[in-house]
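One file, target-v6.txt, carrying compact mmCIF, C-alpha atoms and all ligand atoms:
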```
# COMPACT_ATOMS: atom_id res chain seq x y z
CA MET A 1 -93.78 12.92 148.52
CA LYS A 2 -93.79 9.17 148.99
CA ILE A 3 -91.50 7.00 146.86
CA LYS A 4 -94.54 4.89 145.95
CA ASN A 5 -96.16 7.94 144.27
CA LEU A 6 -93.01 8.69 142.29
CA PHE A 7 -92.93 5.25 140.62
CA PRO A 8 -95.43 5.90 137.76
CA LYS A 9 -93.66 9.16 136.86
CA VAL A 10 -90.22 7.49 136.77
CA PHE A 11 -91.68 4.63 134.74
CA TRP A 12 -93.16 6.94 132.06
CA LEU A 13 -90.07 9.14 131.98
CA THR A 14 -87.86 6.08 131.41
CA LEU A 15 -90.20 4.84 128.66
CA VAL A 16 -90.09 8.20 126.86
CA CYS A 17 -86.27 8.31 127.11
CA ILE A 18 -85.92 4.79 125.69
CA THR A 19 -88.31 5.64 122.81
CA ILE A 20 -86.31 8.76 121.94
CA MET A 21 -83.05 6.77 122.02
CA VAL A 22 -84.45 4.03 119.76
CA VAL A 23 -85.84 6.56 117.25
CA THR A 24 -82.50 8.46 117.20
CA ILE A 25 -80.49 5.25 116.63
CA PHE A 26 -82.78 4.20 113.74
CA LYS A 27 -82.52 7.63 112.15
CA LEU A 28 -78.73 7.62 112.44
CA SER A 29 -78.07 4.06 111.31
CA PRO A 30 -78.15 4.62 107.50
CA SER A 31 -75.59 7.44 107.76
CA LEU A 32 -73.48 5.30 110.11
CA ALA A 33 -73.58 2.46 107.61
CA ARG A 34 -72.52 4.86 104.87
CA SER A 35 -69.63 6.30 106.83
CA THR A 36 -68.12 2.89 107.62
CA SER A 37 -68.46 1.41 104.13
CA THR A 38 -65.45 1.24 101.77
CA PRO A 39 -64.78 4.53 99.99
CA PRO A 40 -65.17 4.40 96.18
CA VAL A 41 -62.02 3.18 94.45
CA GLU A 42 -60.52 4.82 91.42
CA LEU A 43 -60.97 2.46 88.50
CA SER A 44 -58.28 2.06 85.89
CA ALA A 45 -58.69 2.01 82.14
CA ALA A 46 -60.43 -1.33 82.66
CA ARG A 47 -63.53 0.77 82.02
CA VAL A 48 -62.78 0.59 78.27
CA THR A 49 -65.89 -0.92 76.75
CA ILE A 50 -65.22 -4.08 74.81
CA ALA A 51 -68.07 -6.00 76.29
CA HIS A 52 -70.61 -6.85 73.55
CA ASN A 53 -70.63 -8.20 70.00
CA SER A 54 -73.24 -7.25 67.41
CA ALA A 55 -75.52 -10.07 68.63
CA GLY A 56 -75.47 -8.49 72.10
CA SER A 57 -73.68 -11.38 73.82
CA SER A 58 -71.09 -10.16 76.31
CA LEU A 59 -67.44 -11.03 75.80
CA TYR A 60 -67.54 -12.39 79.35
CA LYS A 61 -70.12 -15.00 78.30
CA ARG A 62 -68.38 -15.80 75.03
CA LEU A 63 -65.09 -16.40 76.86
CA GLY A 64 -66.88 -18.93 79.08
CA GLY A 65 -67.31 -16.91 82.27
CA TYR A 66 -65.20 -16.39 85.36
CA ASN A 67 -63.42 -19.75 85.52
CA ALA A 68 -62.41 -19.58 81.88
CA ILE A 69 -60.96 -16.09 82.41
CA ALA A 70 -59.14 -17.28 85.56
CA ALA A 71 -57.60 -20.16 83.56
CA VAL A 72 -56.31 -17.71 80.92
CA ILE A 73 -54.84 -15.45 83.61
CA ASP A 74 -53.16 -18.41 85.36
CA ASP A 75 -51.51 -19.50 82.11
CA SER A 76 -50.58 -15.88 81.29
CA ALA A 77 -48.94 -15.53 84.71
CA LYS A 78 -46.94 -18.74 84.18
CA ASN A 79 -45.70 -17.39 80.84
CA ILE A 80 -44.95 -13.93 82.24
CA PHE A 81 -43.04 -15.18 85.30
CA ALA A 82 -40.93 -17.46 83.05
CA ASP A 83 -40.47 -14.86 80.27
CA PRO A 84 -36.75 -14.26 79.56
CA LEU A 85 -37.37 -10.53 78.97
CA ILE A 86 -39.78 -9.58 81.76
CA GLY A 87 -39.73 -12.45 84.26
CA LYS A 88 -37.10 -10.57 86.29
CA TYR A 89 -39.66 -7.99 87.44
CA PHE A 90 -41.65 -10.63 89.31
CA ILE A 91 -38.78 -12.52 90.97
CA GLY A 92 -38.89 -10.58 94.24
CA LEU A 93 -42.67 -10.81 94.73
CA SER A 94 -43.91 -12.76 97.75
CA THR A 95 -46.37 -15.61 97.22
CA ASN A 96 -49.13 -13.38 98.55
CA SER A 97 -48.21 -10.52 96.19
CA LYS A 98 -48.41 -12.97 93.27
CA GLN A 99 -51.82 -14.18 94.48
CA ARG A 100 -52.99 -10.57 94.80
CA LEU A 101 -51.75 -9.79 91.28
CA ARG A 102 -53.63 -12.85 89.98
CA GLU A 103 -56.90 -11.77 91.63
CA LEU A 104 -56.53 -8.22 90.33
CA LEU A 105 -55.79 -9.35 86.77
CA ILE A 106 -58.83 -11.66 86.79
CA ALA A 107 -61.07 -8.87 88.12
CA GLN A 108 -59.67 -6.38 85.61
CA PHE A 109 -60.25 -8.60 82.55
CA CYS A 110 -63.57 -9.92 83.87
CA GLN A 111 -64.87 -6.39 84.37
CA ALA A 112 -63.59 -5.20 81.00
CA ALA A 113 -65.36 -8.14 79.34
CA GLY A 114 -68.67 -7.10 80.87
CA GLY A 115 -68.62 -9.68 83.69
CA PRO A 116 -69.88 -9.27 87.26
CA CYS A 117 -66.50 -8.23 88.68
CA ILE A 118 -65.13 -5.01 90.10
CA TYR A 119 -61.46 -4.14 89.72
CA THR A 120 -60.27 -2.62 93.00
CA GLY A 121 -56.56 -2.30 92.23
CA ARG A 122 -54.47 0.76 91.53
CA THR A 123 -54.48 2.57 88.22
CA MET A 124 -52.13 1.17 85.57
CA LYS A 125 -50.05 4.36 85.68
CA LEU A 126 -49.62 4.23 89.44
CA SER A 127 -48.78 0.53 89.66
CA HIS A 128 -46.29 0.51 86.77
CA SER A 129 -44.47 3.81 86.87
CA GLY A 130 -40.85 3.36 87.91
CA ILE A 131 -40.66 -0.42 87.31
CA GLY A 132 -37.05 -1.12 86.30
CA ARG A 133 -35.88 1.98 84.46
CA GLY A 134 -39.40 2.60 83.19
CA LEU A 135 -41.14 -0.10 81.13
CA THR A 136 -40.39 -0.18 77.39
CA ASN A 137 -42.64 -1.00 74.42
CA GLY A 138 -40.73 -4.26 73.96
CA GLU A 139 -41.42 -5.31 77.55
CA PHE A 140 -45.06 -4.33 77.23
CA TYR A 141 -45.52 -6.39 74.05
CA ALA A 142 -43.74 -9.36 75.67
CA PHE A 143 -46.40 -9.22 78.43
CA VAL A 144 -49.25 -8.98 75.88
CA ASN A 145 -47.73 -11.82 73.84
CA ASP A 146 -47.69 -14.00 76.96
CA ILE A 147 -51.44 -13.33 77.30
CA ALA A 148 -51.92 -14.20 73.59
CA LEU A 149 -50.15 -17.56 74.08
CA ALA A 150 -52.41 -18.29 77.07
CA LEU A 151 -55.53 -17.43 75.03
CA ASP A 152 -54.39 -19.89 72.33
CA LYS A 153 -53.67 -22.59 74.91
CA ASN A 154 -57.21 -22.21 76.27
CA GLY A 155 -58.80 -22.44 72.81
CA VAL A 156 -60.14 -18.87 72.72
CA LYS A 157 -61.42 -18.11 69.22
CA GLN A 158 -59.99 -15.31 67.06
CA PRO A 159 -62.79 -12.67 67.53
CA GLU A 160 -62.68 -13.00 71.32
CA LYS A 161 -58.87 -13.17 71.30
CA ASN A 162 -58.75 -9.90 69.32
CA GLN A 163 -61.05 -8.20 71.82
CA VAL A 164 -59.04 -9.33 74.86
CA LEU A 165 -55.76 -8.26 73.26
CA GLY A 166 -57.39 -5.00 72.14
CA PHE A 167 -58.18 -4.26 75.76
CA ALA A 168 -54.64 -5.16 76.90
CA ASN A 169 -53.14 -2.95 74.16
CA SER A 170 -55.42 -0.05 75.16
CA LEU A 171 -53.48 0.16 78.45
CA ARG A 172 -50.09 0.68 76.78
CA ASP A 173 -49.89 4.47 77.15
CA GLN A 174 -50.43 4.20 80.89
CA ILE A 175 -47.83 1.44 81.37
CA VAL A 176 -44.99 2.23 78.95
CA GLU A 177 -42.63 5.00 80.05
CA LYS A 178 -39.84 4.46 77.48
CA PRO A 179 -41.58 3.99 74.12
C1 LIG B 201 -51.54 -5.19 79.37
C2 LIG B 201 -50.49 -5.16 80.15
C3 LIG B 201 -50.58 -5.18 81.66
C4 LIG B 201 -51.65 -5.33 82.49
C5 LIG B 201 -53.11 -5.53 82.11
C6 LIG B 201 -51.16 -5.30 83.85
C7 LIG B 201 -51.94 -5.40 84.98
C8 LIG B 201 -51.48 -5.23 86.26
C9 LIG B 201 -52.29 -5.17 87.44
C10 LIG B 201 -53.81 -5.30 87.47
C11 LIG B 201 -51.48 -4.97 88.50
C12 LIG B 201 -51.90 -4.85 89.96
C13 LIG B 201 -52.12 -3.41 90.33
C14 LIG B 201 -52.09 -3.20 91.82
O1 LIG B 201 -51.16 -3.71 92.48
O2 LIG B 201 -52.99 -2.53 92.36
C15 LIG B 201 -50.14 -4.94 87.99
C16 LIG B 201 -49.01 -4.79 88.77
C17 LIG B 201 -47.75 -5.03 88.31
N1 LIG B 201 -47.38 -5.22 87.01
FE1 LIG B 201 -48.58 -5.13 85.43
N2 LIG B 201 -49.81 -5.15 83.81
C18 LIG B 201 -49.41 -5.07 82.50
C19 LIG B 201 -48.13 -4.93 82.03
C20 LIG B 201 -47.03 -5.11 82.80
C21 LIG B 201 -45.68 -5.19 82.30
C22 LIG B 201 -45.28 -5.05 80.83
C23 LIG B 201 -44.87 -5.43 83.38
C24 LIG B 201 -43.39 -5.66 83.43
C25 LIG B 201 -42.72 -6.09 82.43
C26 LIG B 201 -45.71 -5.46 84.56
C27 LIG B 201 -45.28 -5.66 85.84
C28 LIG B 201 -46.04 -5.46 86.97
C29 LIG B 201 -45.50 -5.45 88.31
C30 LIG B 201 -44.04 -5.72 88.71
C31 LIG B 201 -46.57 -5.16 89.15
C32 LIG B 201 -46.52 -4.90 90.64
C33 LIG B 201 -46.86 -6.07 91.48
C34 LIG B 201 -46.89 -5.63 92.94
O3 LIG B 201 -46.61 -4.45 93.26
O4 LIG B 201 -47.20 -6.47 93.76
N3 LIG B 201 -47.01 -5.27 84.16
N4 LIG B 201 -50.16 -5.10 86.63
```
Could you render the structure as structure tokens?
Ligand code: HEM
Amino acid sequence: MKIKNLFPKVFWLTLVCITIMVVTIFKLSPSLARSTSTPPVELSAARVTIAHNSAGSSLYKRLGGYNAIAAVIDDSAKNIFADPLIGKYFIGLSTNSKQRLRELLIAQFCQAAGGPCIYTGRTMKLSHSGIGRGLTNGEFYAFVNDIALALDKNGVKQPEKNQVLGFANSLRDQIVEKP
């Protein structure tokens, strides 16, 4: 058989192969995309619902949104790091660990307030068990009080302040090891 006669057959065979490859890749791509995406993270008690008041306005909106929450967390962190009772636990953290903690706290409170954030950190039990000799009630309330002072500094009104502190207090059982 002459090579010239073979050409159309090779051409069509190649075309069929390419079509099959393209169809297979398209069929596979959604499952590929799924297998490379981030696995679901275990959320902490930040799921506690404190989001809406009776008028249906989310706590997130009433607090003033993301930047307002970030400002409260920044002031809370300043208070916590300088706190005579609990500041010692944060002394050894690198700058990056402090930044990470800040981002996680913002996401945690933003999500709990019904905002468009997703907390991707560890559970409260996992990230706090074994700190010092086990965190005490007194240390926990010092932390919450530092948040309360930051809420006051940022002019957060009493109903919203109560809701934010209610959320913080709801985490106590997971954080305190020596009541
Ligand atoms: C309402 C109270 C509290 C909240 C909402 C809270 C929240 C958090 C969050 C979101 C993280 C990051 C979790 C992660 O690394 O994946 C964290 C870590 C940590 N928290 Fe708390 N916390 C609270 C109370 C406390 C108290 C009372 C102490 C100590 C006195 C404390 C000390 C720490 C330390 C040392 C870390 C680890 C930082 C690191 O590993 O880089 N926390 N906390």
Using 8 Å of padding on each side, determine the axis-aligned box around all atoms of ligand LIG 201 (chain B) present in the file and give its centre and edge lengths in Å to one decimal, as JSON.
```
{"center_x": -48.3, "center_y": -4.5, "center_z": 86.6, "size_x": 27.1, "size_y": 19.9, "size_z": 30.4}
```
List as a count of residues only the protein and nucleic acid residues lying within 8 Å of ligand LIG 201 (chain B), with all atoms listed in the file counted.
39
With a cut-off of 12 Å, could you pull out the residues of range 48-68 of chain A touching range 146-154 of chain A and give me the nearest pair of atoms for each, distance in Å to one decimal, using only C-alpha atoms, ordered by chain and ascending number, as CSV?
```
residue,atom,partner,partner_atom,distance
A:Leu63,CA,A:Leu151,CA,9.8
A:Gly64,CA,A:Asn154,CA,10.6
A:Asn67,CA,A:Asn154,CA,11.4
A:Ala68,CA,A:Asn154,CA,8.1
```
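Between CA of Tyr60 in chain A and CA of Gly114 in chain A there is a distance of 5.6 Å.
Closest approach to Gly130 in chain A from the set A:Asn79, A:Gln174, A:His52, A:Pro84 is made by A:Gln174, with distances taken over all atoms listed in the file.
Note that the spacing between CA of Lys161 in chain A and CA of Ala113 in chain A amounts to 11.5 Å.
Proximity of A:Asp83, A:Asp173, A:Glu160, A:Asp74 to Asn137 in chain A, computed with all atoms listed in the file, is greatest for A:Asp173.
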